[in-house]
Amino acid sequence: MAKTKTVFVCQNCGNESPKWEGKCYACGEWNTFVEETKITGKTKNSRPGTVIAERTKPVPVSKVSVEDQPRLSTGNEELNRVLGGGLVPGAMVLIGGEPGIGKSTLVLQTALNLPNVKVLYVSGEESPQQIKLRADRISSASADNCHVVSEVSVEHIIKHVDNEKPDVLVIDSVQTMETERIESAPGSVSQIRECTATILRVCKEKHIPVFLIGHITKEGSLAGPKVLEHMVDVVLQFEGDRHHMYRILRSIKNRFGSTNEIGIFEMLGSGLREVSNPSELFLATQQKQMSGVAISAALEGVRPFLIEIQALASTAAYQNPQRSVTGFDLRRLNMLLAVLEKRAGFKLAAKDVFLNIAGGLKVNDPAIDLAVITAVLSSNMDMTISPDVCMTGEVGLSGEIRPVTRLEQRIGEAAKLGFKSIIIPSYVKGVDLSKFDIQIIKASKIEEAFKFLFA
Ligand code: TYD
Ligand code: MG
């Protein structure tokens with residue numbers, strides 16, 4: 001017998017409580033409890049979460065056959081790489097991102113380009129006409145393989161899946177879906193959880209891969225509960241600055257591949273373009289040599305690319321010197337300026353410093369420290385750095401240049417892009433430097449790097 005029960009569910013973490021509470025004791029958030037009605041006591045098998053496609057006997061892991069797991073190429077190199085080599089049958093891929101970043105575009109574009117694969121694109125946000133308009137913008141390819149439907153009821157979606165028998169299912173977005181089994185509004189934690197569990201069960205049974213699009217909250221986490229991330233196989237985050245053209249697809253969780261991978265795209269008027277050489281986006285095209293510009297070999301995920309760091313040091317206009325950064329950590333800049341004052345006689349209190357990472361990228365890689373510090377010095381002394389030189393290295397408090405990760409890839413990328421020399425930390429182990437066609441300068445202190453650059 002089905003019974004209804006009232007519970008209070010934290011909209012932040014999904015924690016349930018029999019009574020209303022001001023503060024969720026599980027996640028510490030305030031005012032997140034919402035009353036929801038739940039139907040319990042249905043059949044045992046309809047419980048979400050306990051999804052097992054086939055009930056089989058346990059076998060030794062060495063005897064499990066894997067060859068019947070062919071991956072479906074998405075026809076998009078960047079997406080394939082982030083997925084770990086393609087779509088796995090029955091995998092549920094959650095794509096999160098801020099509104100307007102291009103999630104629907106990415107998934108629709110992938111769906112249209114999948115050769116000989118039937119895709120069912122379920123949209124709870126847009127009408128088939130709107131999807132058609134978008135499809136016309138993106139591709140000129142014939143899109144007979146992609147079927148679209150506007151639907152929000154999970155029960156109806158499952159019927160469509162039964163009728164259409166698609167090879168790939170797309171749900172745009174999970175926050176708009178609703179199931180009859182739960183009374184709360186679409187987008188609430190229990191609706192999201194129940195809808196996802198239902199779709200998950202169907203796709204695991206039928207071995208259909210699913211792209212699930214999810215929105216992101218103001219705080220930057222996937223809207224809805226963490227439980228969603230536990231349920232799905234792959235969590236991808238689509239991010240970027242809306243005012244810049246590039247987009248980064250980052251793997252946060254992947255049961256079938258590495259989470260170090262990123263894919264880079266550029267948003268054009270005709271959809272997303274794969275960017276296989278990211279340096280082209282982040283190296284501003286400079287015509288003339290200018291002071292205050294340094295190029296760093298940075299890493300995003302596991303991909304090396306070169307970025308341009310621009311600094312401006314000018315005489316402080318007010319008592320308190322100003323510091324302003326775009327794409328870099330302000331506290332780290334302050335630390336680097338203090339090192340610069342100690343080691344290179346930079347008059348910290350007398351200078352305003354502005355720092356910008358070209359292309360609007362946010363970089364957390366500490367290996368760009370050296371380029372930051374030399375860009376500031378270059379601007380301060382009004383001396384240019386040769387555009388053929390790039391550098392990589394973390395700077396310590398005493399001005400020492402510390403080793404960086406994946407040095408080989410960074411040098412390789414610089415050599416590939418035709419730089420003549422690269423400054424690297426002097427401590428190098430296990431890297432064969434002779435194989436690179438680029439002059440390598442080892443520096444253990446920032447003074448050594450400065451001597452080479454400004455001699
Ligand atoms: P969309 O995929 O609707 O974002 P999301 O589903 O994440 O909310 O993308 C919306 C933005 O992308 C929109 O502001 C317009 C832009 N866009 C382009 O620049 N080029 C295109 O070809 C398309 C389809 C969209
Ligand atoms: Mg959308």
# chains A, B, ... in the order shown; residues from 1 in each chain; ligands from 1
>>> residues_near_ligand(ligand="ligand 2", cutoff="10 Å", atoms="only C-alpha atoms and all ligand atoms", output="mmCIF file with N, CA and C atoms, in the first residue's frame")
data_model
loop_
_atom_site.group_PDB
_atom_site.id
_atom_site.type_symbol
_atom_site.label_atom_id
_atom_site.label_comp_id
_atom_site.auth_asym_id
_atom_site.auth_seq_id
_atom_site.Cartn_x
_atom_site.Cartn_y
_atom_site.Cartn_z
ATOM 1 N N GLY A 97 26.600 23.610 -15.489
ATOM 2 C CA GLY A 97 27.157 24.891 -15.923
ATOM 3 C C GLY A 97 26.167 26.001 -15.678
ATOM 4 N N GLU A 98 26.669 27.210 -15.691
ATOM 5 C CA GLU A 98 25.804 28.368 -15.474
ATOM 6 C C GLU A 98 24.844 28.531 -16.642
ATOM 7 N N PRO A 99 23.729 29.206 -16.419
ATOM 8 C CA PRO A 99 22.805 29.437 -17.524
ATOM 9 C C PRO A 99 23.487 30.227 -18.638
ATOM 10 N N GLY A 100 23.228 29.823 -19.857
ATOM 11 C CA GLY A 100 23.747 30.578 -20.996
ATOM 12 C C GLY A 100 25.183 30.285 -21.362
ATOM 13 N N ILE A 101 25.792 29.351 -20.691
ATOM 14 C CA ILE A 101 27.200 29.070 -20.978
ATOM 15 C C ILE A 101 27.334 28.229 -22.255
ATOM 16 N N GLY A 102 26.289 27.482 -22.581
ATOM 17 C CA GLY A 102 26.319 26.709 -23.826
ATOM 18 C C GLY A 102 26.137 25.211 -23.654
ATOM 19 N N LYS A 103 25.506 24.795 -22.551
ATOM 20 C CA LYS A 103 25.298 23.360 -22.319
ATOM 21 C C LYS A 103 24.397 22.755 -23.392
ATOM 22 N N SER A 104 23.262 23.415 -23.626
ATOM 23 C CA SER A 104 22.332 22.891 -24.627
ATOM 24 C C SER A 104 22.988 22.864 -25.994
ATOM 25 N N THR A 105 23.757 23.900 -26.288
ATOM 26 C CA THR A 105 24.447 23.953 -27.582
ATOM 27 C C THR A 105 25.421 22.798 -27.724
ATOM 28 N N LEU A 106 26.202 22.559 -26.682
ATOM 29 C CA LEU A 106 27.188 21.479 -26.729
ATOM 30 C C LEU A 106 26.518 20.135 -26.973
ATOM 31 N N VAL A 107 25.458 19.871 -26.224
ATOM 32 C CA VAL A 107 24.832 18.554 -26.312
ATOM 33 C C VAL A 107 24.081 18.403 -27.639
ATOM 34 N N LEU A 108 23.396 19.462 -28.062
ATOM 35 C CA LEU A 108 22.668 19.375 -29.328
ATOM 36 C C LEU A 108 23.638 19.202 -30.495
ATOM 37 N N SER A 123 13.576 18.054 -24.132
ATOM 38 C CA SER A 123 13.815 19.367 -23.548
ATOM 39 C C SER A 123 12.627 19.783 -22.702
ATOM 40 N N GLY A 124 12.908 20.196 -21.510
ATOM 41 C CA GLY A 124 11.856 20.731 -20.650
ATOM 42 C C GLY A 124 11.885 22.241 -20.658
ATOM 43 N N GLU A 125 12.815 22.797 -21.397
ATOM 44 C CA GLU A 125 13.002 24.248 -21.370
ATOM 45 C C GLU A 125 12.623 24.910 -22.683
ATOM 46 N N GLU A 126 12.796 24.170 -23.769
ATOM 47 C CA GLU A 126 12.581 24.794 -25.071
ATOM 48 C C GLU A 126 11.596 23.971 -25.888
ATOM 49 N N ILE A 131 14.428 24.482 -30.592
ATOM 50 C CA ILE A 131 15.566 23.574 -30.788
ATOM 51 C C ILE A 131 15.946 23.531 -32.266
ATOM 52 N N ASP A 172 17.297 17.750 -21.029
ATOM 53 C CA ASP A 172 17.659 19.165 -20.847
ATOM 54 C C ASP A 172 16.489 19.869 -20.166
ATOM 55 N N SER A 173 16.506 20.171 -18.948
ATOM 56 C CA SER A 173 17.493 19.883 -17.939
ATOM 57 C C SER A 173 16.855 19.113 -16.798
ATOM 58 N N ILE A 213 21.527 17.356 -18.398
ATOM 59 C CA ILE A 213 22.019 18.732 -18.220
ATOM 60 C C ILE A 213 21.524 19.255 -16.884
ATOM 61 N N GLY A 214 22.390 19.881 -16.140
ATOM 62 C CA GLY A 214 21.994 20.396 -14.825
ATOM 63 C C GLY A 214 22.446 21.825 -14.649
ATOM 64 N N HIS A 215 21.664 22.600 -13.940
ATOM 65 C CA HIS A 215 22.042 24.001 -13.705
ATOM 66 C C HIS A 215 22.945 24.100 -12.495
#
>>> residues_around(residues="region 358-373 of chain A", least_positions_apart="3", cutoff="7 Å", atoms="only C-alpha atoms", output="list in words")
His244, Leu281, Phe282, Leu283, Ala284, Ala294, Ile295, Ser296, Ala298, Leu299, Ile307, Glu308, Ile309, Gly327, Phe328, Leu336, Val376, Leu377, Met391, Thr392, Gly393, Glu394, Val395 and Val404 of chain A
>>> residues_around(residues="region 148-152 of chain A", least_positions_apart="6", cutoff="7 Å", atoms="only C-alpha atoms", output="ChimeraX atom specification")
/A:120-124,126-128,176-178
>>> write_last_selection(atoms="N, CA and C atoms", output="JSON list (two decimals), in the first residue's frame")
[["chain", "number", "residue", "atom", "x", "y", "z"],
["A", 120, "LEU", "N", 17.49, 10.77, -28.81],
["A", 120, "LEU", "CA", 16.23, 11.37, -28.38],
["A", 120, "LEU", "C", 16.58, 12.54, -27.48],
["A", 121, "TYR", "N", 16.22, 13.74, -27.94],
["A", 121, "TYR", "CA", 16.56, 14.96, -27.21],
["A", 121, "TYR", "C", 15.30, 15.46, -26.52],
["A", 122, "VAL", "N", 15.25, 15.30, -25.20],
["A", 122, "VAL", "CA", 14.08, 15.72, -24.44],
["A", 122, "VAL", "C", 14.38, 17.07, -23.81],
["A", 123, "SER", "N", 13.58, 18.05, -24.13],
["A", 123, "SER", "CA", 13.81, 19.37, -23.55],
["A", 123, "SER", "C", 12.63, 19.78, -22.70],
["A", 124, "GLY", "N", 12.91, 20.20, -21.51],
["A", 124, "GLY", "CA", 11.86, 20.73, -20.65],
["A", 124, "GLY", "C", 11.88, 22.24, -20.66],
["A", 126, "GLU", "N", 12.80, 24.17, -23.77],
["A", 126, "GLU", "CA", 12.58, 24.79, -25.07],
["A", 126, "GLU", "C", 11.60, 23.97, -25.89],
["A", 127, "SER", "N", 10.91, 24.66, -26.80],
["A", 127, "SER", "CA", 9.99, 23.95, -27.68],
["A", 127, "SER", "C", 10.79, 23.35, -28.83],
["A", 128, "PRO", "N", 10.20, 22.36, -29.52],
["A", 128, "PRO", "CA", 10.90, 21.78, -30.68],
["A", 128, "PRO", "C", 11.27, 22.84, -31.71],
["A", 176, "THR", "N", 14.02, 20.67, -14.64],
["A", 176, "THR", "CA", 12.66, 20.89, -15.13],
["A", 176, "THR", "C", 11.83, 19.61, -15.11],
["A", 177, "MET", "N", 12.46, 18.49, -14.82],
["A", 177, "MET", "CA", 11.75, 17.22, -14.88],
["A", 177, "MET", "C", 10.90, 17.01, -13.62],
["A", 178, "GLU", "N", 9.81, 16.28, -13.78],
["A", 178, "GLU", "CA", 9.01, 15.97, -12.60],
["A", 178, "GLU", "C", 8.43, 14.57, -12.72]]
>>> select_by_dssp(residues="region 167-300 of chain A", states="alpha helix (DSSP H)", output="VMD selection string")
chain A and resid 189 to 206 226 to 231 279 to 282
>>> write_last_selection(atoms="N, CA, C and O atoms", output="CSV table (one decimal), in the first residue's frame")
chain,number,residue,atom,x,y,z
A,189,VAL,N,14.8,19.1,-4.3
A,189,VAL,CA,15.8,18.1,-4.2
A,189,VAL,C,15.2,16.7,-4.4
A,189,VAL,O,15.7,15.9,-5.1
A,190,SER,N,14.0,16.5,-3.8
A,190,SER,CA,13.5,15.1,-3.9
A,190,SER,C,13.0,14.8,-5.3
A,190,SER,O,13.1,13.7,-5.8
A,191,GLN,N,12.5,15.8,-6.0
A,191,GLN,CA,12.1,15.6,-7.4
A,191,GLN,C,13.3,15.3,-8.3
A,191,GLN,O,13.3,14.3,-9.1
A,192,ILE,N,14.4,16.1,-8.1
A,192,ILE,CA,15.6,15.8,-8.9
A,192,ILE,C,16.1,14.5,-8.6
A,192,ILE,O,16.5,13.7,-9.6
A,193,ARG,N,16.1,14.1,-7.4
A,193,ARG,CA,16.7,12.8,-7.0
A,193,ARG,C,15.9,11.7,-7.6
A,193,ARG,O,16.4,10.7,-8.2
A,194,GLU,N,14.6,11.8,-7.5
A,194,GLU,CA,13.7,10.7,-7.9
A,194,GLU,C,13.7,10.6,-9.4
A,194,GLU,O,13.8,9.5,-10.0
A,195,CYS,N,13.7,11.7,-10.1
A,195,CYS,CA,13.7,11.7,-11.6
A,195,CYS,C,15.0,11.1,-12.1
A,195,CYS,O,15.0,10.3,-13.0
A,196,THR,N,16.1,11.5,-11.5
A,196,THR,CA,17.4,11.0,-11.9
A,196,THR,C,17.4,9.5,-11.7
A,196,THR,O,17.9,8.7,-12.6
A,197,ALA,N,17.0,9.1,-10.5
A,197,ALA,CA,17.0,7.6,-10.2
A,197,ALA,C,16.2,6.8,-11.2
A,197,ALA,O,16.6,5.8,-11.7
A,198,THR,N,15.0,7.4,-11.6
A,198,THR,CA,14.2,6.7,-12.5
A,198,THR,C,14.8,6.6,-13.9
A,198,THR,O,14.9,5.5,-14.5
A,199,ILE,N,15.3,7.7,-14.4
A,199,ILE,CA,16.0,7.7,-15.7
A,199,ILE,C,17.2,6.8,-15.7
A,199,ILE,O,17.5,6.0,-16.6
A,200,LEU,N,18.0,6.8,-14.5
A,200,LEU,CA,19.1,6.0,-14.4
A,200,LEU,C,18.8,4.5,-14.5
A,200,LEU,O,19.5,3.8,-15.2
A,201,ARG,N,17.7,4.2,-13.8
A,201,ARG,CA,17.3,2.7,-13.9
A,201,ARG,C,17.0,2.3,-15.3
A,201,ARG,O,17.5,1.2,-15.7
A,202,VAL,N,16.3,3.1,-16.0
A,202,VAL,CA,15.9,2.8,-17.4
A,202,VAL,C,17.2,2.7,-18.3
A,202,VAL,O,17.3,1.8,-19.1
A,203,CYS,N,18.1,3.7,-18.1
A,203,CYS,CA,19.2,3.7,-19.0
A,203,CYS,C,20.2,2.5,-18.7
A,203,CYS,O,20.8,2.0,-19.6
A,204,LYS,N,20.3,2.2,-17.5
A,204,LYS,CA,21.1,1.0,-17.1
A,204,LYS,C,20.6,-0.3,-17.7
A,204,LYS,O,21.3,-1.1,-18.1
A,205,GLU,N,19.2,-0.4,-17.6
A,205,GLU,CA,18.6,-1.6,-18.1
A,205,GLU,C,18.8,-1.8,-19.6
A,205,GLU,O,19.0,-2.8,-20.1
A,206,LYS,N,18.6,-0.6,-20.3
A,206,LYS,CA,18.6,-0.7,-21.7
A,206,LYS,C,20.0,-0.4,-22.3
A,206,LYS,O,20.1,-0.3,-23.6
A,226,LYS,N,24.0,17.1,-3.7
A,226,LYS,CA,25.2,16.3,-3.9
A,226,LYS,C,24.9,14.9,-4.4
A,226,LYS,O,25.6,14.3,-5.1
A,227,VAL,N,23.7,14.4,-3.9
A,227,VAL,CA,23.3,13.0,-4.2
A,227,VAL,C,23.3,12.8,-5.7
A,227,VAL,O,23.6,11.7,-6.2
A,228,LEU,N,23.0,13.8,-6.5
A,228,LEU,CA,23.0,13.7,-7.9
A,228,LEU,C,24.4,13.3,-8.4
A,228,LEU,O,24.5,12.4,-9.3
A,229,GLU,N,25.4,13.9,-7.8
A,229,GLU,CA,26.8,13.6,-8.3
A,229,GLU,C,27.1,12.2,-7.9
A,229,GLU,O,27.9,11.5,-8.6
A,230,HIS,N,26.6,11.7,-6.8
A,230,HIS,CA,26.9,10.3,-6.4
A,230,HIS,C,26.2,9.3,-7.4
A,230,HIS,O,26.8,8.2,-7.6
A,231,MET,N,25.0,9.6,-7.8
A,231,MET,CA,24.3,8.7,-8.6
A,231,MET,C,24.9,8.5,-10.0
A,231,MET,O,24.9,7.4,-10.6
A,279,SER,N,46.8,27.4,-26.8
A,279,SER,CA,47.7,28.6,-26.7
A,279,SER,C,47.2,29.7,-27.7
A,279,SER,O,47.4,30.9,-27.4
A,280,GLU,N,46.6,29.3,-28.8
A,280,GLU,CA,46.1,30.3,-29.7
A,280,GLU,C,45.1,31.3,-29.1
A,280,GLU,O,45.0,32.4,-29.5
A,281,LEU,N,44.4,30.8,-28.1
A,281,LEU,CA,43.4,31.6,-27.5
A,281,LEU,C,44.0,32.6,-26.4
A,281,LEU,O,43.5,33.7,-26.2
A,282,PHE,N,45.0,32.1,-25.8
A,282,PHE,CA,45.5,32.8,-24.6
A,282,PHE,C,46.8,33.6,-24.8
A,282,PHE,O,47.2,34.4,-24.0
>>> atom_distance(atom1="CA of Gly271 (chain A)", atom2="CA of Leu212 (chain A)")
19.5 Å
>>> atom_distance(atom1="CA of Gln289 (chain A)", atom2="CA of Met381 (chain A)")
14.3 Å
